[in-house]
Amino acid sequence: MKLCKWEELPLSMQTEEVKKYYDVLKKKKASLFFKRAFDVVASFFMLLILSPVFLLLAIAIKIDSRGPVFYRQVRVTQYGKRFRIFKFRTMVQNADKIGAQVTANHDSRITRVGRFIRKCRLDEICQLIDVLRGTMTFVGTRPEVPKYVDEYTPEMKATLLLPAGVTSETSVYYKDEDKLLEEAEDTDKVYVEKVLPEKMYYNLKAIERFGFWHDISVLFMTVFAVLGKKYEPKEPYQKVVENEVQEKAQ
């Protein structure tokens, strides 16, 4: 995996806010190489091993409701490029046209099989295909839909220096994100104004700490989180905001 030259970045990313993160990654050539090598090897073998699971899920989805097996929504990855992500379909067909683009726990669009798949967190295992293709990586900022990327601040765009990820520290902290949105009257508004800034704060911190072995530790965190372990950020976002307010007031 290589970083493109600074002058080859989209103009919207050639800013001072992005430059400091670019400089961090520029020094991590070995980690970037091993990151891609690991993505290719691990995703290939996992796809082979999990192929029976893929088949069973595909059959269950088709029996349960009309529509395709995969949900191919447009997301944004490295350098702002758009791609169609692979996810096992857990909602009724054309769900994105009859509701918000983020999903709460109680969402009536979720199918019976879809609810089970979400509970077991199996809907995203087919993103191994995206990892093998290079449109995604195992560890990185979760891919957003263009609608939410348009809301990024100049600093948030630094997360687009790397491919979108299947998991991340942020994903572990916000693994119950749908519960946070459950009581919201306007899901999109709450997501953009409250959830997105918090998530992006941790995503940017992850770039500052970027390294191959850090990626491996995040993969282990993800496994333990799926098994039920709770993780809390060492630096709660709310306290960070409070400290910034106090500093400005002084």
# chains A, B, ... in the order shown; residues from 1 in each chain; ligands from 1

$ residues_around --residues "Leu161 (chain A)" --least-positions-apart "5" --cutoff "9 Å" --atoms "only C-alpha atoms" --output "list in words"
Leu3, Cys4, Leu9, Met13, Val18, Tyr21, Tyr22, Leu25, Thr77, Gln78, Tyr79 and Gly80 of chain A

$ residues_around --residues "region 212-227 of chain A" --least-positions-apart "4" --cutoff "10 Å" --atoms "only C-alpha atoms" --output "tab-separated table (two decimals) with all heavy atoms, in the first residue's frame"
chain	number	residue	atom	x	y	z
A	28	LYS	N	5.77	5.97	7.51
A	28	LYS	CA	5.45	4.58	7.87
A	28	LYS	C	5.38	3.66	6.66
A	28	LYS	O	4.46	2.88	6.50
A	28	LYS	CB	4.10	4.56	8.62
A	28	LYS	CG	4.05	5.44	9.86
A	28	LYS	CD	4.90	4.88	10.98
A	28	LYS	CE	4.79	5.71	12.24
A	28	LYS	NZ	3.55	5.51	12.94
A	30	ALA	N	7.10	1.01	5.75
A	30	ALA	CA	7.15	-0.42	6.05
A	30	ALA	C	5.80	-0.91	6.55
A	30	ALA	O	5.30	-1.96	6.12
A	30	ALA	CB	8.24	-0.72	7.09
A	31	SER	N	5.18	-0.14	7.45
A	31	SER	CA	3.87	-0.52	7.98
A	31	SER	C	2.81	-0.54	6.88
A	31	SER	O	1.95	-1.42	6.85
A	31	SER	CB	3.43	0.44	9.10
A	31	SER	OG	4.16	0.19	10.28
A	32	LEU	N	2.90	0.42	5.96
A	32	LEU	CA	1.94	0.46	4.84
A	32	LEU	C	2.11	-0.77	3.94
A	32	LEU	O	1.12	-1.35	3.47
A	32	LEU	CB	2.13	1.74	4.02
A	32	LEU	CG	1.66	3.04	4.70
A	32	LEU	CD1	2.17	4.25	3.93
A	32	LEU	CD2	0.13	3.08	4.78
A	33	PHE	N	3.36	-1.17	3.71
A	33	PHE	CA	3.62	-2.36	2.89
A	33	PHE	C	3.05	-3.62	3.55
A	33	PHE	O	2.34	-4.41	2.91
A	33	PHE	CB	5.13	-2.53	2.66
A	33	PHE	CG	5.49	-3.83	2.00
A	33	PHE	CD1	5.37	-3.99	0.62
A	33	PHE	CD2	5.92	-4.92	2.76
A	33	PHE	CE1	5.67	-5.21	0.01
A	33	PHE	CE2	6.23	-6.13	2.16
A	33	PHE	CZ	6.11	-6.28	0.78
A	34	PHE	N	3.38	-3.82	4.82
A	34	PHE	CA	2.91	-5.02	5.52
A	34	PHE	C	1.40	-5.00	5.72
A	34	PHE	O	0.76	-6.05	5.74
A	34	PHE	CB	3.62	-5.16	6.87
A	34	PHE	CG	5.04	-5.63	6.74
A	34	PHE	CD1	6.09	-4.80	7.10
A	34	PHE	CD2	5.33	-6.89	6.23
A	34	PHE	CE1	7.41	-5.23	6.96
A	34	PHE	CE2	6.65	-7.32	6.08
A	34	PHE	CZ	7.69	-6.49	6.46
A	35	LYS	N	0.83	-3.81	5.81
A	35	LYS	CA	-0.63	-3.70	5.95
A	35	LYS	C	-1.33	-4.29	4.73
A	35	LYS	O	-2.25	-5.09	4.85
A	35	LYS	CB	-1.01	-2.22	6.13
A	35	LYS	CG	-2.52	-1.95	6.30
A	35	LYS	CD	-2.74	-0.45	6.46
A	35	LYS	CE	-4.22	-0.12	6.62
A	35	LYS	NZ	-4.77	-0.62	7.90
A	36	ARG	N	-0.86	-3.91	3.55
A	36	ARG	CA	-1.48	-4.42	2.32
A	36	ARG	C	-1.20	-5.91	2.12
A	36	ARG	O	-2.08	-6.67	1.71
A	36	ARG	CB	-0.98	-3.62	1.10
A	36	ARG	CG	-1.61	-4.08	-0.23
A	36	ARG	CD	-3.12	-4.00	-0.19
A	36	ARG	NE	-3.74	-4.63	-1.36
A	36	ARG	CZ	-4.96	-5.15	-1.37
A	36	ARG	NH1	-5.71	-5.14	-0.27
A	36	ARG	NH2	-5.46	-5.69	-2.46
A	38	PHE	N	-0.71	-8.14	4.42
A	38	PHE	CA	-1.57	-8.86	5.36
A	38	PHE	C	-3.01	-8.90	4.85
A	38	PHE	O	-3.68	-9.94	4.93
A	38	PHE	CB	-1.51	-8.19	6.73
A	38	PHE	CG	-2.41	-8.83	7.75
A	38	PHE	CD1	-2.01	-9.97	8.45
A	38	PHE	CD2	-3.67	-8.29	8.02
A	38	PHE	CE1	-2.86	-10.55	9.39
A	38	PHE	CE2	-4.52	-8.87	8.95
A	38	PHE	CZ	-4.11	-10.01	9.64
A	119	LYS	N	-27.28	-9.14	14.84
A	119	LYS	CA	-26.97	-9.48	16.23
A	119	LYS	C	-25.65	-10.24	16.33
A	119	LYS	O	-24.85	-10.03	17.25
A	119	LYS	CB	-28.10	-10.32	16.83
A	119	LYS	CG	-27.92	-10.62	18.30
A	119	LYS	CD	-29.11	-11.42	18.84
A	119	LYS	CE	-28.92	-11.73	20.32
A	119	LYS	NZ	-30.07	-12.51	20.87
A	120	CYS	N	-25.41	-11.14	15.38
A	120	CYS	CA	-24.17	-11.93	15.35
A	120	CYS	C	-23.05	-11.22	14.60
A	120	CYS	O	-21.96	-11.77	14.43
A	120	CYS	CB	-24.44	-13.29	14.71
A	120	CYS	SG	-25.62	-14.29	15.62
A	121	ARG	N	-23.36	-10.03	14.09
A	121	ARG	CA	-22.38	-9.21	13.35
A	121	ARG	C	-21.79	-9.96	12.15
A	121	ARG	O	-20.58	-9.94	11.90
A	121	ARG	CB	-21.28	-8.72	14.29
A	121	ARG	CG	-21.82	-7.94	15.47
A	121	ARG	CD	-20.75	-7.24	16.26
A	121	ARG	NE	-21.34	-6.55	17.40
A	121	ARG	CZ	-21.93	-5.36	17.37
A	121	ARG	NH1	-22.02	-4.71	16.22
A	121	ARG	NH2	-22.45	-4.81	18.46
A	138	PHE	N	-8.40	-4.10	6.43
A	138	PHE	CA	-8.96	-4.68	7.65
A	138	PHE	C	-9.18	-3.62	8.73
A	138	PHE	O	-10.23	-3.58	9.37
A	138	PHE	CB	-8.05	-5.79	8.20
A	138	PHE	CG	-8.32	-7.14	7.60
A	138	PHE	CD1	-7.41	-7.73	6.75
A	138	PHE	CD2	-9.50	-7.82	7.89
A	138	PHE	CE1	-7.67	-8.98	6.19
A	138	PHE	CE2	-9.76	-9.06	7.33
A	138	PHE	CZ	-8.85	-9.64	6.49
A	139	VAL	N	-8.19	-2.77	8.93
A	139	VAL	CA	-8.28	-1.76	10.00
A	139	VAL	C	-8.20	-0.36	9.41
A	139	VAL	O	-7.21	-0.01	8.75
A	139	VAL	CB	-7.17	-1.95	11.05
A	139	VAL	CG1	-7.27	-0.87	12.13
A	139	VAL	CG2	-7.25	-3.34	11.68
A	140	GLY	N	-9.24	0.42	9.63
A	140	GLY	CA	-9.29	1.78	9.11
A	140	GLY	C	-10.64	2.39	9.40
A	140	GLY	O	-11.54	1.73	9.91
A	166	VAL	N	-12.67	-2.34	7.67
A	166	VAL	CA	-13.72	-3.24	8.16
A	166	VAL	C	-13.96	-2.98	9.64
A	166	VAL	O	-15.09	-3.02	10.13
A	166	VAL	CB	-13.32	-4.72	7.94
A	166	VAL	CG1	-14.35	-5.65	8.57
A	166	VAL	CG2	-13.17	-5.01	6.46
A	167	THR	N	-12.88	-2.69	10.37
A	167	THR	CA	-13.00	-2.41	11.80
A	167	THR	C	-11.99	-1.34	12.19
A	167	THR	O	-11.11	-0.97	11.41
A	167	THR	CB	-12.77	-3.69	12.63
A	167	THR	OG1	-13.08	-3.40	14.02
A	167	THR	CG2	-11.34	-4.17	12.54
A	168	SER	N	-12.12	-0.84	13.41
A	168	SER	CA	-11.22	0.18	13.95
A	168	SER	C	-11.47	0.30	15.44
A	168	SER	O	-12.44	-0.27	15.97
A	168	SER	CB	-11.50	1.54	13.28
A	168	SER	OG	-12.82	1.98	13.61
A	169	GLU	N	-10.61	1.04	16.13
A	169	GLU	CA	-10.86	1.30	17.54
A	169	GLU	C	-12.22	1.97	17.71
A	169	GLU	O	-12.98	1.66	18.62
A	169	GLU	CB	-9.76	2.19	18.11
A	169	GLU	CG	-8.44	1.50	18.34
A	169	GLU	CD	-7.42	2.45	18.94
A	169	GLU	OE1	-7.52	2.76	20.14
A	169	GLU	OE2	-6.53	2.88	18.18
A	170	THR	N	-12.51	2.90	16.82
A	170	THR	CA	-13.77	3.62	16.88
A	170	THR	C	-14.96	2.67	16.75
A	170	THR	O	-15.96	2.80	17.46
A	170	THR	CB	-13.84	4.68	15.77
A	170	THR	OG1	-12.67	5.50	15.84
A	170	THR	CG2	-15.07	5.56	15.91
A	171	SER	N	-14.85	1.70	15.84
A	171	SER	CA	-15.92	0.72	15.66
A	171	SER	C	-16.15	-0.08	16.93
A	171	SER	O	-17.28	-0.43	17.26
A	171	SER	CB	-15.57	-0.24	14.52
A	171	SER	OG	-15.39	0.44	13.32
A	172	VAL	N	-15.06	-0.36	17.66
A	172	VAL	CA	-15.18	-1.11	18.91
A	172	VAL	C	-15.88	-0.26	19.96
A	172	VAL	O	-16.77	-0.73	20.66
A	172	VAL	CB	-13.78	-1.55	19.40
A	172	VAL	CG1	-13.87	-2.16	20.80
A	172	VAL	CG2	-13.17	-2.55	18.43
A	173	TYR	N	-15.48	1.01	20.06
A	173	TYR	CA	-16.11	1.91	21.03
A	173	TYR	C	-17.59	2.13	20.71
A	173	TYR	O	-18.42	2.29	21.61
A	173	TYR	CB	-15.42	3.27	21.04
A	173	TYR	CG	-13.95	3.25	21.42
A	173	TYR	CD1	-13.06	4.17	20.86
A	173	TYR	CD2	-13.45	2.31	22.32
A	173	TYR	CE1	-11.72	4.15	21.20
A	173	TYR	CE2	-12.10	2.29	22.65
A	173	TYR	CZ	-11.24	3.22	22.09
A	173	TYR	OH	-9.91	3.20	22.42
A	175	LYS	N	-19.66	0.06	18.90
A	175	LYS	CA	-20.26	-1.15	18.34
A	175	LYS	C	-21.78	-1.19	18.56
A	175	LYS	O	-22.49	-1.92	17.87
A	175	LYS	CB	-19.59	-2.41	18.90
A	175	LYS	CG	-19.86	-2.74	20.34
A	175	LYS	CD	-19.01	-3.93	20.77
A	175	LYS	CE	-19.30	-4.38	22.19
A	175	LYS	NZ	-20.54	-5.13	22.33
A	206	ALA	N	-6.26	7.65	15.69
A	206	ALA	CA	-5.72	6.37	15.22
A	206	ALA	C	-4.68	6.58	14.12
A	206	ALA	O	-3.70	5.83	14.04
A	206	ALA	CB	-6.85	5.48	14.70
A	231	TYR	N	-15.15	-2.06	25.81
A	231	TYR	CA	-14.00	-1.17	25.71
A	231	TYR	C	-14.48	0.27	25.81
A	231	TYR	O	-15.47	0.64	25.20
A	231	TYR	CB	-13.26	-1.36	24.39
A	231	TYR	CG	-12.46	-2.64	24.29
A	231	TYR	CD1	-13.01	-3.79	23.73
A	231	TYR	CD2	-11.14	-2.69	24.75
A	231	TYR	CE1	-12.27	-4.96	23.63
A	231	TYR	CE2	-10.40	-3.87	24.64
A	231	TYR	CZ	-10.97	-5.00	24.08
A	231	TYR	OH	-10.23	-6.15	23.98

$ atom_distance --atom1 "CA of Lys62 (chain A)" --atom2 "CA of Met46 (chain A)"
23.3 Å

$ select_by_dssp --residues "region 62-212 of chain A" --states "helix (DSSP H, G or I)" --output "JSON, numbers by chain"
{"A": [62, 63, 64, 78, 79, 80, 95, 96, 97, 112, 113, 114, 115, 116, 117, 118, 119, 125, 126, 127, 128, 129, 130, 131, 132, 133, 146, 147, 148, 149, 156, 157, 158, 159, 160, 161, 169, 170, 171, 172, 173, 177, 178, 179, 180, 187, 188, 189, 190, 191, 192, 193, 194, 195, 196, 197, 198, 199, 200, 201, 202, 203, 204, 205, 206, 207, 208, 212]}

$ closest_residue --among "A:Pro146, A:Lys29, A:Lys2, A:Pro236" --to "Phe210 (chain A)" --atoms "only C-alpha atoms"
A:Lys29

$ closest_residue --among "A:Glu7, A:Ser43, A:Ala60, A:Ile129" --to "Thr111 (chain A)" --atoms "only C-alpha atoms"
A:Ala60

$ closest_residue --among "A:Ala37, A:Leu11, A:Arg72, A:Lys229" --to "Leu132 (chain A)" --atoms "only C-alpha atoms"
A:Ala37

$ select_by_dssp --residues "region 149-224 of chain A" --states "strand (DSSP E)" --output "VMD selection string"
chain A and resid 164 to 167

$ write_last_selection --atoms "N, CA and C atoms" --output "PDB file, in the first residue's frame"
ATOM      1  N   ALA A 164     -10.848   2.731   3.433  1.00  0.00           N
ATOM      2  CA  ALA A 164     -11.845   2.509   4.479  1.00  0.00           C
ATOM      3  C   ALA A 164     -11.615   1.141   5.107  1.00  0.00           C
ATOM      4  N   GLY A 165     -11.980   0.996   6.374  1.00  0.00           N
ATOM      5  CA  GLY A 165     -11.686  -0.241   7.086  1.00  0.00           C
ATOM      6  C   GLY A 165     -12.914  -1.055   7.472  1.00  0.00           C
ATOM      7  N   VAL A 166     -12.672  -2.340   7.672  1.00  0.00           N
ATOM      8  CA  VAL A 166     -13.718  -3.240   8.164  1.00  0.00           C
ATOM      9  C   VAL A 166     -13.957  -2.977   9.645  1.00  0.00           C
ATOM     10  N   THR A 167     -12.878  -2.686  10.370  1.00  0.00           N
ATOM     11  CA  THR A 167     -12.997  -2.410  11.795  1.00  0.00           C
ATOM     12  C   THR A 167     -11.991  -1.338  12.192  1.00  0.00           C
TER      13      THR A 167
END

$ closest_residue --among "A:Thr135, A:Ser12, A:Ser51, A:Asn203" --to "Arg75 (chain A)" --atoms "only C-alpha atoms"
A:Thr135

$ atom_distance --atom1 "CA of Ile63 (chain A)" --atom2 "CA of Asp123 (chain A)"
16.3 Å

$ closest_residue --among "A:Leu128, A:Val92, A:Ile85, A:Leu162" --to "Ile49 (chain A)" --atoms "only C-alpha atoms"
A:Leu128
